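Below you'll find the structure, written out as structure tokens, and then a few comments.
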2 protein chains.
Amino acid sequence: MDTGKARMALQLRSLVKKGGELEVSLVDVAIPAPGPDEVVIRVEGSPINPSDLGLLFGAADMSTARQSGTPGNPVVTATIPEGLMRSMAGRVDHSMPVGNEGAGEVVGAGSSNEAQALLGRTVAIFGGAMYSQYRCIKAAQCLSLPEGTTPAEGASCFVNPLTSLGMVETMRREGHTALVHTAAASNLGQMLNRICIADKVGLVNIVRTQQQEDLLRAIGATHVCNSSAPAFARDLTEALVATGATLAFDAIGGGTLAGRILACMEAALTRSSTEYTRYGSAIHKQVYIYGALDTGPTVVNRGFGFAWGIGGWLLWPFLQKIGPAAAQILRERVASELKTTFASHYTKEVSLAEALQLDEIAVYGRRATGEKYLINPNKGVAA
Amino acid sequence: MDTGKARMALQLRSLVKKGGELEVSLVDVAIPAPGPDEVVIRVEGSPINPSDLGLLFGAADMSTARQSGTPGNPVVTATIPEGLMRSMAGRVDHSMPVGNEGAGEVVGAGSSNEAQALLGRTVAIFGGAMYSQYRCIKAAQCLSLPEGTTPAEGASCFVNPLTSLGMVETMRREGHTALVHTAAASNLGQMLNRICIADKVGLVNIVRTQQQEDLLRAIGATHVCNSSAPAFARDLTEALVATGATLAFDAIGGGTLAGRILACMEAALTRSSTEYTRYGSAIHKQVYIYGALDTGPTVVNRGFGFAWGIGGWLLWPFLQKIGPAAAQILRERVASELKTTFASHYTKEVSLAEALQLDEIAVYGRRATGEKYLINPNKGVAA
């Protein structure tokens with residue numbers, strides 16, 4: 001555990017070239033020696049979240065992906081459709097590190113007491129550039145994990161746990177009493193189910209397959225509606241009547257689902273009404289889009305009056321809005337329930353080089369609910 | 001001015017029949033003698049606002065409209081497409097009076113001082129059922145108009161004036177500093193222009209024709225963007241940079257315009273940014289849909305990050321939210337600026353029977369910006 005000098009690390013980089021080509025590769029970077037209040041972490045687990053895929057592959061059409069380089073140092077290139085290059089303008093010719101969050105062992109520390117106290121500990125961080133064998137970061141940004149927690153167990157401490165807690169917190173702060181969630185069989189959706197069961201909050205889960213419905217029922221979900229079933233609108237309306245949910249979080253974004261949720265909310269709210277209200281129910285119905293599993297347009301058939309809203313929702317602005325004290329309460333709950341409420345499950349653990357194999361990209365790149373990869377940048381490397 | 005007995009009045013009614021037919025006709029109704037705190041108004045002006053058309057014609061396909069009855073007592077019938085009958089469920093077989101607002105002379109009054117004080121005065125009311133020769137209503141609901149105001153001048157005291165004032169008030173309360181407005185050449189849009197010029201608020205007017213652009217420029221509008229011009233996106237972005245508008249009010253609802261406004265707002269906000277922000281600008285961009293000139297789906301190509309919202313906006317819930325004291329301030333401004341800021345212009349004044357002529361319906365029913373009808377239920381009737 002030398003702390004005095006820089007070390008080299010393999011790091012994944014995503015580069016959009018002016019000519020319209022995406023290049024994802026591994027580069028050797030020098031990890032600086034830690035400053036007094038910094039530590040160096042040997043990263044051993046970092047999930048591939050949907051929010052990472054956006055940065056990783058940008059607007060590239062991954063059906064055009066091809067591989068070059070060597071088996072140990074592959075290079076993936078893909079074409080970015082011309083019409084989408086405008087949205088990439090800000091990152092052209094900047095080689096960008098990827099990986100929002102992860103966990104690993106602290107193998108180097110600066111001279112401060114705070115940094116020294118972390119030496120040898122397994123910590124989780126949300127700092128970007130986590131698809132890297134080593135990461136130098138402020139000690140204050142580390143979440144020290146309870147004894148006996150592995151890096152794989154701690155790799156997803158931030159994005160999904162805080163997002164699912166943030167949804168319930170948003171519900172309370174905006175005056176709703178129950179929730180709807182789409183793509184609900186995801187790791188995040190399963191966490192949200194555990195939170196809602198623990199907190200006795202009504203939750204309506206929307207899924208797309210019978211298998212996902214079975215999975216959620218097996219973990220105790222009461223209301224599960226399959227959007228591909230013929231009776232979907234009726235089932236959803238019944239679940240909305242039962243729970244009183246007037247707030248939905250939608251991971252999909254594109255298509256008609258957000259609007260259909262609002263229409264069923266309105267049907268649930270006006271079902272017992274005997275009077276014709278030409279402007280619809282006065283109760284506000286809200287859908288927050290927090291993901292883009294479908295990047296196509298959101299199509300809203302407005303037939304639910306005027307008391308409605310659809311908008312974007314992101315974790316970090318939300319945490320800023322509620323302030324550091326409220327955010328800290330959420331973080332502490334995550335740390336204390338990491339192996340239960342906030343446990344994540346991964347389909348596969350891959351090395352950095354394995355993450356750049358086309359057959360792996362074909363699996364994790366399709367953003368299928370319930371298929372999540374964990375990158376271990378030190379997989380197969382002796383500690 | 002007898003106050004002691006009921007009188008008969010011709011009243012316009014809209015009826016959706018279970019079989020899927022809309023029937024609009026004139027019926028004779030008994031106007032009750034006013035109670036102690038009530039007055040009877042001889043209605044001489046009531047506008048046909050877009051918000052009235054929804055109740056007047058419901059979901060009927062007006063291209064199927066046919067006329068029967070007599071010239072003096074016409075009956076208009078039209079077919080309601082089967083798929084839309086569900087949205088009419090609440091009003092089936094209820095004959096409904098129409099007409100949100102209007103003005104006229106107080107010709108009868110109850111015994112209270114408040115009611116008696118209004119006798120002979122020209123008053124404006126927002127009470128529904130205004131497409132009627134007489135209307136009995138609480139004296140407290142009357143807005144007594146300044147001496148020398150005609151019923152035609154006072155007919156639109158509520159919906160457009162308070163809506164346009166409500167937009168500026170919403171802007172201030174939600175932390176924006178400038179506005180975008182669509183269908184901006186409308187009566188409401190012209191009012192909004194006069195308010196924004198008086199209050200020094202930046203306003204971006206979106207119109208669909210050169211003629212509408214000319215009209216707005218003639219009344220002093222600085223920023224006018226024609227959505228049918230090839231350079232629309234560029235023009236709108238420039239106007240958004242110039243004004244800093246991050247809030248829009250959209251009367252159209254259907255189509256891609258709301259989303260295009262958000263995209264141009266984002267382009268304006270990020271234009272000077274040198275850093276790639278994968279989640280887009282952190283500044284909230286909002287479009288409120290307050291009308292449905294296009295009842296088709298709202299289609300949103302989300303390419304503007306996550307700090308955005310689209311939602312419904314209605315005047316009456318807004319007034320409830322700000323409370324009676326704040327609403328009263330808005331009302332008083334309307335009364336004092338009725339012949340200037342809040343002046344309305346009508347294409348045509350029609351009687352109740354004329355309003356049921358198919359050729360008139362063809363004009364006012366198409367909700368064309370700048371073509372507004374005034375119904376005078378006592379047109380041609382001796383006072």
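In the structure tokens, chains take the letters A, B, ... in the order shown, each chain's residues start at 1, and ligands count up from 1 in the order shown.
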Using backbone DSSP assignments, extract all strand (DSSP E or B) residues from stretch 68-261 of chain A; output them as JSON, numbers by chain. {"A": [68, 69, 74, 75, 76, 77, 78, 79, 92, 96, 97, 101, 102, 103, 104, 105, 106, 107, 108, 109, 122, 123, 124, 125, 126, 132, 134, 135, 136, 137, 138, 142, 143, 144, 178, 179, 180, 181, 182, 202, 203, 204, 205, 206, 207, 223, 224, 225, 226, 247, 248, 249, 250, 253, 254, 255]}
Deliver the residues from the most recent selection as a file, using C-alpha atoms, as a compact mmCIF listing (two decimals), in the first residue's frame.
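Saved the output as selection-v6.txt:
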# COMPACT_ATOMS: atom_id res chain seq x y z
CA SER A 68 -10.73 -4.01 -33.69
CA GLY A 69 -7.63 -3.93 -31.50
CA PRO A 74 -10.26 -4.21 -27.85
CA VAL A 75 -11.56 -1.10 -29.60
CA VAL A 76 -15.23 -0.76 -30.47
CA THR A 77 -16.33 1.68 -33.14
CA ALA A 78 -19.83 2.54 -34.32
CA THR A 79 -21.50 5.08 -36.57
CA VAL A 92 -16.89 15.92 -29.87
CA MET A 96 -14.57 10.81 -21.79
CA PRO A 97 -14.23 8.43 -18.84
CA GLU A 101 -20.70 4.71 -9.28
CA GLY A 102 -18.82 1.78 -7.87
CA ALA A 103 -17.04 0.27 -4.91
CA GLY A 104 -13.62 -1.07 -4.01
CA GLU A 105 -10.88 -1.19 -1.46
CA VAL A 106 -8.95 1.89 -0.36
CA VAL A 107 -5.32 1.05 -1.21
CA GLY A 108 -3.75 4.46 -0.82
CA ALA A 109 -4.47 7.43 1.38
CA THR A 122 -14.27 -1.13 1.34
CA VAL A 123 -15.99 2.07 0.21
CA ALA A 124 -18.64 3.08 -2.27
CA ILE A 125 -18.32 6.24 -4.33
CA PHE A 126 -20.30 8.21 -6.82
CA SER A 132 -11.11 2.26 -14.23
CA TYR A 134 -7.96 2.72 -9.80
CA ARG A 135 -9.63 5.98 -8.86
CA CYS A 136 -8.24 8.86 -6.80
CA ILE A 137 -10.98 10.77 -4.98
CA LYS A 138 -11.65 12.95 -1.92
CA CYS A 142 -16.46 7.87 0.17
CA LEU A 143 -19.29 5.99 1.81
CA SER A 144 -17.58 3.52 4.13
CA ALA A 178 -49.35 6.22 -3.60
CA LEU A 179 -47.16 5.56 -6.64
CA VAL A 180 -47.10 4.02 -10.09
CA HIS A 181 -43.82 2.70 -11.52
CA THR A 182 -43.03 1.46 -15.03
CA GLY A 202 -49.38 1.76 -2.20
CA LEU A 203 -47.43 0.88 -5.35
CA VAL A 204 -48.76 -0.01 -8.79
CA ASN A 205 -46.14 -1.89 -10.84
CA ILE A 206 -46.38 -1.76 -14.62
CA VAL A 207 -44.44 -4.46 -16.48
CA HIS A 223 -50.56 -4.51 -7.77
CA VAL A 224 -48.87 -5.62 -10.98
CA CYS A 225 -50.30 -4.64 -14.38
CA ASN A 226 -48.99 -6.05 -17.63
CA LEU A 247 -48.15 10.09 -9.30
CA ALA A 248 -46.15 7.88 -11.66
CA PHE A 249 -42.44 7.46 -12.35
CA ASP A 250 -41.77 6.29 -15.88
CA GLY A 253 -40.32 7.87 -21.79
CA GLY A 254 -41.24 7.17 -25.40
CA GLY A 255 -44.60 6.01 -26.71
Cut-off 7 Å: closest chain B/chain A atom pairs per residue, using only C-alpha atoms, as CSV:
residue,atom,partner,partner_atom,distance
B:Leu55,CA,A:Arg278,CA,7.0
B:Gly90,CA,A:Tyr276,CA,4.1
B:Arg91,CA,A:Tyr276,CA,5.2
B:Thr274,CA,A:Gly90,CA,6.7
B:Glu275,CA,A:Gly90,CA,5.9
B:Tyr276,CA,A:Gly90,CA,4.1
B:Gly296,CA,A:Asn301,CA,6.8
B:Pro297,CA,A:Asn301,CA,4.3
B:Thr298,CA,A:Val300,CA,5.0
B:Val299,CA,A:Val299,CA,4.6
B:Val300,CA,A:Thr298,CA,5.0
B:Asn301,CA,A:Pro297,CA,4.4
B:Arg302,CA,A:Pro297,CA,6.4
B:Phe306,CA,A:Gly312,CA,4.2
B:Ala307,CA,A:Gly312,CA,5.6
B:Trp308,CA,A:Gly311,CA,5.3
B:Gly309,CA,A:Gly311,CA,3.9
B:Ile310,CA,A:Ile310,CA,5.2
B:Gly311,CA,A:Gly309,CA,3.8
B:Gly312,CA,A:Phe306,CA,4.2
B:Trp313,CA,A:Phe306,CA,5.9
B:Leu314,CA,A:Phe306,CA,6.4
May I have all residues of stretch 222-332 of chain B that DSSP, computed from the backbone, assigns to helix (DSSP H, G or I), given as a ChimeraX atom specification? /B:232-243,257-270,315-332
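Counting only C-alpha atoms, the residue from B:Met85, B:Ala343, B:Val40, B:Ile195 that sits nearest to B:Gln141 is B:Val40.
For the residues B:Glu169, B:Pro32, B:Leu315, B:Leu374, ranking by smallest atom-to-atom distance to B:Gly99 using only C-alpha atoms places B:Leu374 first.
Every protein, DNA or RNA residue with an atom at most 10 Å from A:Ala9, where only C-alpha atoms count and chain neighbours fewer than 2 positions away do not, is listed here: Ala6, Arg7, Gln11, Leu12, Leu26, Val27, Asp28, Val29, Ala30, Ile31, Arg42, Ser132, Gln133, Tyr134, Arg135, Pro377 and Asn378 of chain A.
Interatomic distance, atom CA of A:Leu319 against atom CA of A:Val159: 11.6 Å.
Atom CA of B:Phe57 lies 8.5 Å from atom CA of B:Glu23.
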Please determine, counting only C-alpha atoms, which residue among B:Phe318, B:Tyr373, B:Phe342, B:Tyr364 has the shortest atom-to-atom distance to B:Asn160. B:Phe342
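Between atom CA of B:Ala185 and atom CA of B:Gln212 there is a distance of 5.6 Å.
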Considering only C-alpha atoms, state which residue in the set B:Val363, B:Ala251, B:Met130, B:Val350 is at the smallest distance from B:Met62. B:Val363
